[in-house]
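File shown: query05.cif. Contents: mmCIF, C-alpha atoms.
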```cif
data_upload
loop_
_atom_site.label_atom_id
_atom_site.label_comp_id
_atom_site.auth_asym_id
_atom_site.auth_seq_id
_atom_site.Cartn_x
_atom_site.Cartn_y
_atom_site.Cartn_z
CA MET N 115 138.08 98.10 121.71
CA LYS N 116 134.53 97.94 120.42
CA ALA N 117 131.76 97.02 122.84
CA TYR N 118 128.12 96.36 121.99
CA TYR N 119 125.22 96.95 124.34
CA CYS N 120 121.46 96.55 124.23
CA ASP N 121 120.42 97.55 127.73
CA GLN N 122 117.85 100.01 126.40
CA PHE N 123 115.96 96.90 125.30
CA VAL N 124 115.93 95.40 128.79
CA LEU N 125 112.55 93.84 129.44
CA PRO N 126 110.46 94.57 132.50
CA LEU N 127 110.14 91.52 134.74
CA PRO N 128 107.86 90.76 137.69
CA GLU N 129 109.01 91.96 141.09
CA GLY N 130 111.31 89.45 142.73
CA HIS N 131 112.35 87.77 139.48
CA ARG N 132 115.77 86.26 140.02
CA PHE N 133 117.34 87.27 136.69
CA PRO N 134 119.07 90.63 137.38
CA MET N 135 118.29 92.46 134.14
CA GLN N 136 119.43 95.78 135.58
CA LYS N 137 123.03 94.54 135.56
CA TYR N 138 123.34 95.36 131.86
CA ALA N 139 122.75 99.09 132.17
CA MET N 140 124.92 99.21 135.29
CA VAL N 141 127.83 97.50 133.49
CA ARG N 142 127.68 99.92 130.58
CA GLU N 143 127.35 103.00 132.78
CA GLN N 144 130.14 102.00 135.16
CA ALA N 145 132.47 100.87 132.37
CA VAL N 146 132.32 104.41 130.99
CA ALA N 147 132.36 106.13 134.38
CA THR N 148 135.52 104.25 135.43
CA GLY N 149 137.29 104.86 132.12
CA ILE N 150 137.40 101.20 131.04
CA LEU N 151 135.41 102.16 127.95
CA ARG N 152 134.75 105.45 126.21
CA ASN N 153 131.37 106.44 124.86
CA GLU N 154 132.80 106.24 121.35
CA ASP N 155 133.73 102.59 121.97
CA LEU N 156 130.07 101.68 122.41
CA ASP N 157 127.61 100.70 119.69
CA VAL N 158 124.07 99.36 119.70
CA PRO N 159 124.10 96.18 117.61
CA ASP N 160 121.69 95.41 114.81
CA ALA N 161 119.03 92.89 115.72
CA ALA N 162 119.70 89.38 114.47
CA THR N 163 117.67 88.55 111.38
CA ASP N 164 115.44 85.52 110.96
CA GLU N 165 118.03 84.14 108.53
CA GLN N 166 120.76 84.35 111.17
CA LEU N 167 118.56 82.75 113.82
CA LEU N 168 117.63 79.95 111.42
CA TYR N 169 121.27 78.95 111.11
CA VAL N 170 120.82 77.24 114.49
CA HIS N 171 117.10 77.28 115.36
CA THR N 172 114.16 75.58 113.70
CA GLU N 173 111.77 77.61 111.60
CA ASP N 174 108.85 76.55 113.78
CA TYR N 175 110.56 77.70 116.99
CA VAL N 176 111.59 81.10 115.61
CA ARG N 177 108.10 81.66 114.19
CA ARG N 178 106.41 80.85 117.48
CA VAL N 179 108.81 82.98 119.55
CA VAL N 180 108.34 85.97 117.27
CA GLY N 181 104.58 85.47 117.10
CA GLY N 182 104.06 84.93 120.82
CA GLN N 183 102.84 81.37 120.34
CA LEU N 184 104.92 79.56 122.94
CA THR N 185 103.02 77.22 125.22
CA ASP N 186 102.80 77.77 128.97
CA LYS N 187 105.19 74.83 129.46
CA GLU N 188 107.71 76.38 127.06
CA ILE N 189 107.48 79.73 128.83
CA ARG N 190 108.10 78.07 132.21
CA ARG N 191 111.11 76.27 130.76
CA LEU N 192 112.39 79.52 129.34
CA GLY N 193 111.98 81.39 132.64
CA PHE N 194 110.77 84.68 131.11
CA PRO N 195 107.21 85.82 130.37
CA TRP N 196 106.75 86.35 126.62
CA SER N 197 106.50 89.91 125.32
CA PRO N 198 107.47 91.80 122.16
CA ALA N 199 110.28 93.34 124.24
CA LEU N 200 111.62 89.84 124.95
CA VAL N 201 111.82 89.13 121.23
CA GLN N 202 113.58 92.42 120.50
CA ARG N 203 115.96 92.02 123.43
CA SER N 204 116.85 88.49 122.39
CA ARG N 205 117.47 89.47 118.77
CA ARG N 206 119.73 92.33 119.88
CA SER N 207 121.68 90.08 122.21
CA VAL N 208 122.43 87.71 119.33
CA GLY N 209 123.22 90.69 117.12
CA GLY N 210 125.68 91.93 119.74
CA THR N 211 127.65 88.69 119.64
CA ILE N 212 127.66 88.66 115.84
CA SER N 213 128.92 92.26 115.84
CA ALA N 214 131.55 91.46 118.49
CA CYS N 215 132.84 88.56 116.38
CA ARG N 216 133.12 90.69 113.27
CA SER N 217 134.89 93.41 115.23
CA ALA N 218 137.24 90.95 116.93
CA LEU N 219 138.36 89.63 113.56
CA LYS N 220 139.31 93.18 112.58
CA ARG N 221 140.64 94.46 115.93
CA GLY N 222 141.73 91.38 117.86
CA VAL N 223 139.22 91.61 120.70
CA SER N 224 135.69 92.89 121.19
CA VAL N 225 132.94 92.58 123.81
CA ASN N 226 129.21 92.09 123.88
CA LEU N 227 127.93 93.55 127.15
CA ALA N 228 125.18 90.91 127.08
CA GLY N 229 125.02 87.45 125.49
CA GLY N 230 125.93 84.00 126.71
CA THR N 231 122.51 82.42 126.12
CA HIS N 232 123.92 78.91 125.90
CA HIS N 233 120.88 76.91 127.09
CA ALA N 234 118.88 77.61 123.94
CA PHE N 235 118.46 74.52 121.73
CA PRO N 236 117.36 74.47 118.09
CA GLU N 237 113.69 73.93 118.96
CA PHE N 238 113.29 75.42 122.44
CA GLY N 239 114.64 77.96 124.90
CA ALA N 240 115.56 77.25 128.52
CA GLY N 241 117.24 78.77 131.56
CA PHE N 242 116.69 82.43 130.60
CA CYS N 243 117.99 81.77 127.06
CA VAL N 244 115.70 82.42 124.08
CA PHE N 245 118.13 82.23 121.15
CA ASN N 246 121.68 80.84 121.28
CA ASP N 247 123.85 83.87 120.53
CA ALA N 248 127.26 82.16 120.41
CA ALA N 249 125.97 79.43 118.10
CA ALA N 250 124.19 81.86 115.79
CA ALA N 251 127.25 84.12 115.70
CA ALA N 252 129.58 81.22 114.90
CA ARG N 253 127.36 80.09 112.04
CA THR N 254 126.97 83.64 110.74
CA ILE N 255 130.71 84.26 110.73
CA GLN N 256 131.25 81.01 108.86
CA ARG N 257 128.52 81.82 106.32
CA GLU N 258 130.17 85.19 105.73
CA SER N 259 133.50 83.39 105.15
CA LEU N 260 135.17 85.45 107.88
CA ALA N 261 136.43 82.42 109.81
CA GLU N 262 136.35 78.65 109.30
CA LYS N 263 137.24 77.14 112.67
CA ILE N 264 135.68 78.61 115.78
CA LEU N 265 136.36 77.79 119.43
CA ILE N 266 133.67 78.43 122.03
CA VAL N 267 135.08 78.57 125.56
CA ASP N 268 132.25 78.54 128.09
CA CYS N 269 133.27 79.68 131.58
CA ASP N 270 129.72 80.10 132.86
CA VAL N 271 129.11 77.94 135.94
CA HIS N 272 126.34 76.10 134.06
CA GLN N 273 127.18 73.78 131.18
CA GLY N 274 126.57 75.19 127.71
CA ASP N 275 124.24 72.34 126.86
CA GLY N 276 122.43 73.99 123.96
CA THR N 277 125.70 75.00 122.32
CA ALA N 278 127.16 71.50 122.79
CA TYR N 279 124.08 69.94 121.21
CA ILE N 280 124.02 72.29 118.23
CA PHE N 281 127.64 71.56 117.31
CA SER N 282 127.73 67.90 118.33
CA ASP N 283 128.36 66.72 114.76
CA ASP N 284 130.35 69.73 113.55
CA THR N 285 134.13 69.48 113.57
CA SER N 286 134.53 73.12 112.50
CA VAL N 287 133.37 74.37 115.92
CA PHE N 288 135.04 73.16 119.13
CA THR N 289 133.00 73.51 122.34
CA PHE N 290 134.74 73.60 125.72
CA SER N 291 132.70 74.00 128.90
CA ILE N 292 134.06 74.25 132.45
CA HIS N 293 131.15 74.12 134.90
CA GLY N 294 129.66 72.82 138.11
CA LYS N 295 129.11 69.06 138.06
CA ARG N 296 125.91 69.07 140.11
CA ASN N 297 124.46 72.31 138.80
CA PHE N 298 121.87 73.07 136.12
CA PRO N 299 121.34 71.61 133.56
CA PHE N 300 120.93 68.32 135.33
CA HIS N 301 120.94 66.41 132.04
CA LYS N 302 124.22 67.43 130.43
CA GLN N 303 125.10 67.28 126.74
CA ALA N 304 128.53 66.24 125.45
CA SER N 305 130.77 69.18 124.57
CA ASP N 306 133.99 68.46 122.70
CA LEU N 307 135.59 68.93 126.12
CA ASP N 308 133.75 69.15 129.42
CA ILE N 309 135.41 69.77 132.77
CA GLU N 310 133.06 69.27 135.71
CA LEU N 311 133.86 70.81 139.08
CA ASP N 312 132.65 69.65 142.47
CA ASP N 313 130.59 71.96 144.65
CA GLY N 314 132.76 74.41 146.55
CA ALA N 315 135.67 74.34 144.08
CA ASP N 316 137.93 77.30 144.91
CA ASP N 317 140.24 79.58 142.95
CA ALA N 318 143.13 77.12 142.81
CA ALA N 319 141.01 74.14 141.79
CA TYR N 320 139.28 76.15 139.10
CA GLN N 321 142.48 77.65 137.70
CA ASN N 322 144.24 74.28 137.56
CA ALA N 323 141.31 72.72 135.72
CA LEU N 324 141.01 75.67 133.35
CA GLU N 325 144.69 75.62 132.42
CA MET N 326 144.64 71.87 131.85
CA GLY N 327 141.54 72.20 129.71
CA LEU N 328 142.71 75.03 127.52
CA GLN N 329 146.09 73.43 126.95
CA ALA N 330 144.27 70.28 125.77
CA VAL N 331 142.00 72.33 123.53
CA PHE N 332 144.83 74.15 121.80
CA GLY N 333 146.69 70.89 121.42
CA ALA N 334 143.75 69.45 119.48
CA PHE N 335 142.23 72.40 117.62
CA VAL N 336 143.58 75.46 115.84
CA PRO N 337 140.82 78.08 115.70
CA ASP N 338 140.47 81.25 113.64
CA LEU N 339 138.24 82.87 116.27
CA MET N 340 137.29 82.32 119.91
CA ILE N 341 133.97 83.19 121.51
CA CYS N 342 134.40 83.33 125.29
CA LEU N 343 131.48 83.18 127.73
CA ALA N 344 132.91 84.91 130.80
CA GLY N 345 130.20 84.11 133.34
CA ALA N 346 130.19 85.86 136.70
CA ASP N 347 128.37 82.96 138.35
CA PRO N 348 131.31 80.81 139.55
CA TYR N 349 131.58 83.53 142.23
CA ILE N 350 131.30 82.39 145.85
CA GLY N 351 128.43 84.83 146.47
CA ASP N 352 126.33 83.65 143.53
CA ARG N 353 122.89 82.30 144.43
CA LEU N 354 122.94 79.71 141.64
CA GLY N 355 126.66 78.99 141.37
CA ARG N 356 127.67 76.45 144.05
CA LEU N 357 131.37 77.16 143.47
CA SER N 358 133.67 79.25 145.66
CA LEU N 359 135.67 81.52 143.38
CA THR N 360 136.61 84.97 144.61
CA LYS N 361 136.70 88.06 142.42
CA ALA N 362 140.48 87.69 142.34
CA GLY N 363 140.08 84.12 141.11
CA LEU N 364 137.72 85.22 138.35
CA LEU N 365 140.16 87.95 137.38
CA ALA N 366 142.92 85.33 137.13
CA ARG N 367 140.62 83.28 134.90
CA ASP N 368 140.12 86.23 132.55
CA HIS N 369 143.83 87.03 132.43
CA TYR N 370 144.63 83.42 131.56
CA VAL N 371 141.97 82.91 128.87
CA LEU N 372 142.43 86.26 127.18
CA GLY N 373 146.20 86.13 127.64
CA MET N 374 146.27 82.88 125.67
CA CYS N 375 144.37 84.63 122.88
CA ARG N 376 146.83 87.53 122.92
CA ASP N 377 149.84 85.23 122.85
CA ARG N 378 148.40 83.26 119.92
CA ARG N 379 147.14 86.34 118.09
CA LEU N 380 143.73 84.70 118.21
CA PRO N 381 140.77 87.06 117.75
CA VAL N 382 138.34 86.77 120.65
CA ALA N 383 134.79 87.97 121.17
CA VAL N 384 133.83 88.10 124.85
CA VAL N 385 130.25 87.86 126.12
CA MET N 386 129.05 88.33 129.68
CA ALA N 387 126.89 85.22 130.32
CA GLY N 388 125.39 84.54 133.78
CA GLY N 389 125.59 86.16 137.18
CA TYR N 390 123.11 85.89 140.08
CA ALA N 391 124.84 87.24 143.18
CA ARG N 392 122.63 88.58 145.95
CA ASP N 393 124.34 91.95 145.66
CA ILE N 394 124.03 93.02 142.03
CA GLN N 395 127.12 95.20 142.36
CA ASP N 396 129.18 92.03 142.79
CA ILE N 397 127.97 90.83 139.39
CA VAL N 398 128.77 94.20 137.86
CA ASP N 399 132.25 94.24 139.43
CA ILE N 400 133.06 90.84 137.95
CA HIS N 401 131.83 91.80 134.49
CA LEU N 402 133.76 95.07 134.67
CA GLN N 403 137.03 93.34 135.44
CA THR N 404 136.45 91.01 132.47
CA ILE N 405 135.93 94.03 130.21
CA ALA N 406 139.00 95.72 131.64
CA VAL N 407 141.19 92.69 130.89
CA ALA N 408 139.82 92.56 127.34
CA ALA N 409 140.42 96.29 126.88
CA ALA N 410 143.98 95.97 128.14
CA ILE N 411 144.89 93.44 125.44
CA SER N 412 143.15 95.40 122.70
CA PRO N 413 145.60 97.01 120.26
CA PRO N 414 145.65 100.82 120.26
#
```

Spell out the structure here as structure tokens.
Amino acid sequence: MKAYYCDQFVLPLPEGHRFPMQKYAMVREQAVATGILRNEDLDVPDAATDEQLLYVHTEDYVRRVVGGQLTDKEIRRLGFPWSPALVQRSRRSVGGTISACRSALKRGVSVNLAGGTHHAFPEFGAGFCVFNDAAAAARTIQRESLAEKILIVDCDVHQGDGTAYIFSDDTSVFTFSIHGKRNFPFHKQASDLDIELDDGADDAAYQNALEMGLQAVFGAFVPDLMICLAGADPYIGDRLGRLSLTKAGLLARDHYVLGMCRDRRLPVAVVMAGGYARDIQDIVDIHLQTIAVAAAISPP
């Protein structure tokens, strides 16, 4: 299974910043150390080009991000201080999802060890998301005539509002988001299918809702490719999650989603998305078990 990483482009953040950037290097290192991945499975993705970013973002927004011309209000909404490293990191994260999609279409399954920046809208970034990697990857794959119908399954605890907005009038991309009802973003967009969970939802409640949702999706849409955002933030120990899933519950989620892809011979590109547990090793553990499930269904 191919995996794409860009942790050498991790940006330095102020002390105490709540986004755990160090998780990326830890996931890559521990995935190799535990034998889930081999060094030869890993590639650094190309950075997304302006053309690829412009498939989903406005020219003005891309120009101002690249040129460091965001306003103070836009930077606060984004949640990251601007720097050239932020631009490079964000381009590579999008490039990783594009590469994972291409690889999945050849191999059946692939992973971006970053990605999941689903709060980015065409004209602004928000919630630690500069560019929308899943949206840009979906558009790129379609422009390259590699797939026509694409399903985006968003299992991050926060609704994929930017992704839902981008594809709101596009029947070739189906957006499904399962997320916390009372969590960020507080103004939700309309995905093709949204399932909202009450605070404290546990493993059983989540799994029942997920199975119902995916069965409805596959009853209504026949995709050529899935992009799955496998967020670690539904975890009970997540600072920003508000749900009560255990690691075992998140593992069951991954087995179910990726098992459906295996059974349908549906290529799937998996991205890591969010995770904000107090103990960063918990985030890493959850991402590692996602990668392990993906690797297990990968053909030899």

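All polymer residues at most 12 Å from (128.6, 84.0, 147.0), using all atoms listed in the file, appear as N:Gly314, N:Asp316, N:Ala346, N:Asp347, N:Pro348, N:Tyr349, N:Ile350, N:Gly351, N:Asp352, N:Arg353, N:Leu354, N:Gly355, N:Arg356, N:Leu357, N:Ser358, N:Leu359, N:Thr360, N:Lys361, N:Gly389, N:Tyr390, N:Ala391, N:Arg392, N:Asp393, N:Ile394, N:Asp396, N:Ile397.
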
- Message: As a check of understanding, name the residues that the PyMOL selection byres ((chain N and resi 145-155) around 8) selects in the supplied structure, as a VMD selection string.
- Response: chain N and resid 115 to 117 141 to 144 156 to 157 402 405 to 406 409

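Using all atoms listed in the file, the shortest contact distance between Thr185 (chain N) and any of N:Phe238, N:Lys220, N:Ile212, N:Val271 is found at N:Phe238.
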
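Distances here use only C-alpha atoms; by that measure, the residue among N:Pro198, N:Pro134, N:Gly274, N:Gly182 closest to Phe298 (chain N) is N:Gly274.
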
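CA of Trp196 (chain N) lies 22.2 Å from CA of Thr211 (chain N).
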
Within 7 Å of region 380-385 of chain N, counting all atoms listed in the file, which residues show up once you throw out same-chain ones fewer than 3 positions away? Write them as a PDB file with C-alpha atoms, in the coordinates of the input, please.
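result_35.pdb written:
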```pdb
ATOM      1  CA  ALA N 214     131.550  91.460 118.490  1.00  0.00           C
ATOM      2  CA  CYS N 215     132.840  88.560 116.380  1.00  0.00           C
ATOM      3  CA  ALA N 218     137.240  90.950 116.930  1.00  0.00           C
ATOM      4  CA  LEU N 219     138.360  89.630 113.560  1.00  0.00           C
ATOM      5  CA  GLY N 222     141.730  91.380 117.860  1.00  0.00           C
ATOM      6  CA  VAL N 223     139.220  91.610 120.700  1.00  0.00           C
ATOM      7  CA  SER N 224     135.690  92.890 121.190  1.00  0.00           C
ATOM      8  CA  VAL N 225     132.940  92.580 123.810  1.00  0.00           C
ATOM      9  CA  ASN N 226     129.210  92.090 123.880  1.00  0.00           C
ATOM     10  CA  LEU N 227     127.930  93.550 127.150  1.00  0.00           C
ATOM     11  CA  ALA N 228     125.180  90.910 127.080  1.00  0.00           C
ATOM     12  CA  GLY N 229     125.020  87.450 125.490  1.00  0.00           C
ATOM     13  CA  GLY N 230     125.930  84.000 126.710  1.00  0.00           C
ATOM     14  CA  ASP N 338     140.470  81.250 113.640  1.00  0.00           C
ATOM     15  CA  LEU N 339     138.240  82.870 116.270  1.00  0.00           C
ATOM     16  CA  MET N 340     137.290  82.320 119.910  1.00  0.00           C
ATOM     17  CA  ILE N 341     133.970  83.190 121.510  1.00  0.00           C
ATOM     18  CA  CYS N 342     134.400  83.330 125.290  1.00  0.00           C
ATOM     19  CA  LEU N 343     131.480  83.180 127.730  1.00  0.00           C
ATOM     20  CA  ALA N 344     132.910  84.910 130.800  1.00  0.00           C
ATOM     21  CA  CYS N 375     144.370  84.630 122.880  1.00  0.00           C
ATOM     22  CA  ARG N 376     146.830  87.530 122.920  1.00  0.00           C
TER      23      ARG N 376
END
```

- Target residues per the PyMOL selection byres ((chain N and resi 122) around 10), formatted as a PyMOL selection string: chain N and resi 119-121+123-125+138-139+158+203

- Item | Contact residues around region 168-171 of chain N with all atoms listed in the file at 12 Å, ignoring same-chain residues under 4 positions, as a VMD selection string | chain N and resid 162 to 164 175 to 179 208 232 234 to 239 244 to 257 276 to 281

Would you write out those residues with C-alpha atoms, as a short mmCIF file (atom, residue, chain, number, x, y, z; two decimals), in the frame of the given file?
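Result file follows (out-v9.cif):
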```cif
data_model
loop_
_atom_site.label_atom_id
_atom_site.label_comp_id
_atom_site.auth_asym_id
_atom_site.auth_seq_id
_atom_site.Cartn_x
_atom_site.Cartn_y
_atom_site.Cartn_z
CA ALA N 162 119.70 89.38 114.47
CA THR N 163 117.67 88.55 111.38
CA ASP N 164 115.44 85.52 110.96
CA TYR N 175 110.56 77.70 116.99
CA VAL N 176 111.59 81.10 115.61
CA ARG N 177 108.10 81.66 114.19
CA ARG N 178 106.41 80.85 117.48
CA VAL N 179 108.81 82.98 119.55
CA VAL N 208 122.43 87.71 119.33
CA HIS N 232 123.92 78.91 125.90
CA ALA N 234 118.88 77.61 123.94
CA PHE N 235 118.46 74.52 121.73
CA PRO N 236 117.36 74.47 118.09
CA GLU N 237 113.69 73.93 118.96
CA PHE N 238 113.29 75.42 122.44
CA GLY N 239 114.64 77.96 124.90
CA VAL N 244 115.70 82.42 124.08
CA PHE N 245 118.13 82.23 121.15
CA ASN N 246 121.68 80.84 121.28
CA ASP N 247 123.85 83.87 120.53
CA ALA N 248 127.26 82.16 120.41
CA ALA N 249 125.97 79.43 118.10
CA ALA N 250 124.19 81.86 115.79
CA ALA N 251 127.25 84.12 115.70
CA ALA N 252 129.58 81.22 114.90
CA ARG N 253 127.36 80.09 112.04
CA THR N 254 126.97 83.64 110.74
CA ILE N 255 130.71 84.26 110.73
CA GLN N 256 131.25 81.01 108.86
CA ARG N 257 128.52 81.82 106.32
CA GLY N 276 122.43 73.99 123.96
CA THR N 277 125.70 75.00 122.32
CA ALA N 278 127.16 71.50 122.79
CA TYR N 279 124.08 69.94 121.21
CA ILE N 280 124.02 72.29 118.23
CA PHE N 281 127.64 71.56 117.31
#
```

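CA of Asp268 (chain N) to CA of Asp308 (chain N) spans 9.6 Å [interatomic distance, one decimal].
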
Find the smallest box with edges along x, y and z containing every listed atom of region 161-172 of chain N, then add 5 Å on each side and report centre and edge lengths in Å to one decimal, as lines of an AutoDock Vina configuration file.
```
center_x = 117.7
center_y = 84.2
center_z = 112.1
size_x = 17.1
size_y = 27.3
size_z = 17.2
```

- Message: Can you pull out the residues contacting Leu307 (chain N)? Cut-off 9 Å, using all atoms listed in the file, and skip same-chain residues under 5 positions away; I want them as a ChimeraX atom specification.
- Response: /N:288-292,327,330-331

- Item | One-decimal distance in Å that lies between CA of Ser207 (chain N) and CA of Ser259 (chain N) | 21.8 Å

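When only C-alpha atoms are used to compute distances to Gly345 (chain N), the closest of the residues N:Asp270, N:Asp368, N:Asp317, N:Glu325 turns out to be N:Asp270.
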
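For the residues N:Arg378, N:His301, N:Arg205, N:Arg367, ranking by smallest atom-to-atom distance to Gln321 (chain N) using only C-alpha atoms places N:Arg367 first.
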
- Residues at most 9 Å from Pro337 (chain N), counting all atoms listed in the file, excluding those fewer than 5 positions away in the same chain, as a list of chain:residue names? N:Ala261, N:Glu262, N:Lys263, N:Ile264, N:Leu265, N:Ser286, N:Val287, N:Phe288, N:Phe332, N:Leu380

Excluding same-chain residues fewer than 2 positions from Gly241 (chain N), what lies within 8 Å of it counting all atoms listed in the file, as an mmCIF file with C-alpha atoms, in the coordinates of the input?
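To be explicit, this is the file written out as out.cif:
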```cif
data_model
loop_
_atom_site.group_PDB
_atom_site.id
_atom_site.type_symbol
_atom_site.label_atom_id
_atom_site.label_comp_id
_atom_site.auth_asym_id
_atom_site.auth_seq_id
_atom_site.Cartn_x
_atom_site.Cartn_y
_atom_site.Cartn_z
ATOM 1 C CA ARG N 191 111.110 76.270 130.760
ATOM 2 C CA LEU N 192 112.390 79.520 129.340
ATOM 3 C CA GLY N 193 111.980 81.390 132.640
ATOM 4 C CA HIS N 233 120.880 76.910 127.090
ATOM 5 C CA ALA N 234 118.880 77.610 123.940
ATOM 6 C CA GLY N 239 114.640 77.960 124.900
ATOM 7 C CA CYS N 243 117.990 81.770 127.060
#
```

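With all atoms listed in the file as the atoms that count, the residue of N:Ala199, N:Leu184, N:Val398, N:Ala334 with the shortest distance to Met386 (chain N) is N:Val398.
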
Could you give me region 182-202 of chain N completed to N, CA and C atoms, formatted as a compact mmCIF listing (two decimals), in the coordinates of the input?
```
# COMPACT_ATOMS: atom_id res chain seq x y z
N GLY N 182 104.65 85.08 119.50
CA GLY N 182 104.06 84.93 120.82
C GLY N 182 103.20 83.70 120.96
N GLN N 183 103.63 82.60 120.36
CA GLN N 183 102.84 81.37 120.34
C GLN N 183 103.46 80.24 121.16
N LEU N 184 104.35 80.58 122.07
CA LEU N 184 104.92 79.56 122.94
C LEU N 184 103.87 79.06 123.92
N THR N 185 103.94 77.79 124.26
CA THR N 185 103.02 77.22 125.22
C THR N 185 103.41 77.64 126.65
N ASP N 186 102.50 77.46 127.57
CA ASP N 186 102.80 77.77 128.97
C ASP N 186 103.99 76.95 129.46
N LYS N 187 104.07 75.69 129.06
CA LYS N 187 105.19 74.83 129.46
C LYS N 187 106.50 75.38 128.91
N GLU N 188 106.50 75.83 127.66
CA GLU N 188 107.71 76.38 127.06
C GLU N 188 108.13 77.67 127.75
N ILE N 189 107.17 78.48 128.14
CA ILE N 189 107.48 79.73 128.83
C ILE N 189 108.08 79.44 130.21
N ARG N 190 107.53 78.44 130.90
CA ARG N 190 108.10 78.07 132.21
C ARG N 190 109.53 77.56 132.03
N ARG N 191 109.77 76.78 131.01
CA ARG N 191 111.11 76.27 130.76
C ARG N 191 112.07 77.40 130.42
N LEU N 192 111.57 78.37 129.71
CA LEU N 192 112.39 79.52 129.34
C LEU N 192 112.73 80.37 130.56
N GLY N 193 111.75 80.62 131.42
CA GLY N 193 111.98 81.39 132.64
C GLY N 193 111.62 82.85 132.52
N PHE N 194 111.20 83.31 131.33
CA PHE N 194 110.77 84.68 131.11
C PHE N 194 109.33 84.68 130.61
N PRO N 195 108.51 85.64 131.02
CA PRO N 195 107.21 85.82 130.37
C PRO N 195 107.42 86.36 128.95
N TRP N 196 106.60 85.88 128.01
CA TRP N 196 106.75 86.35 126.62
C TRP N 196 106.26 87.79 126.51
N SER N 197 106.93 88.56 125.67
CA SER N 197 106.50 89.91 125.32
C SER N 197 107.23 90.31 124.05
N PRO N 198 106.71 91.30 123.31
CA PRO N 198 107.47 91.80 122.16
C PRO N 198 108.86 92.30 122.56
N ALA N 199 108.97 92.87 123.77
CA ALA N 199 110.28 93.34 124.24
C ALA N 199 111.26 92.18 124.40
N LEU N 200 110.75 91.01 124.82
CA LEU N 200 111.62 89.84 124.95
C LEU N 200 112.20 89.45 123.59
N VAL N 201 111.36 89.48 122.57
CA VAL N 201 111.82 89.13 121.23
C VAL N 201 112.89 90.11 120.76
N GLN N 202 112.62 91.40 120.93
CA GLN N 202 113.58 92.42 120.50
C GLN N 202 114.88 92.31 121.27
```
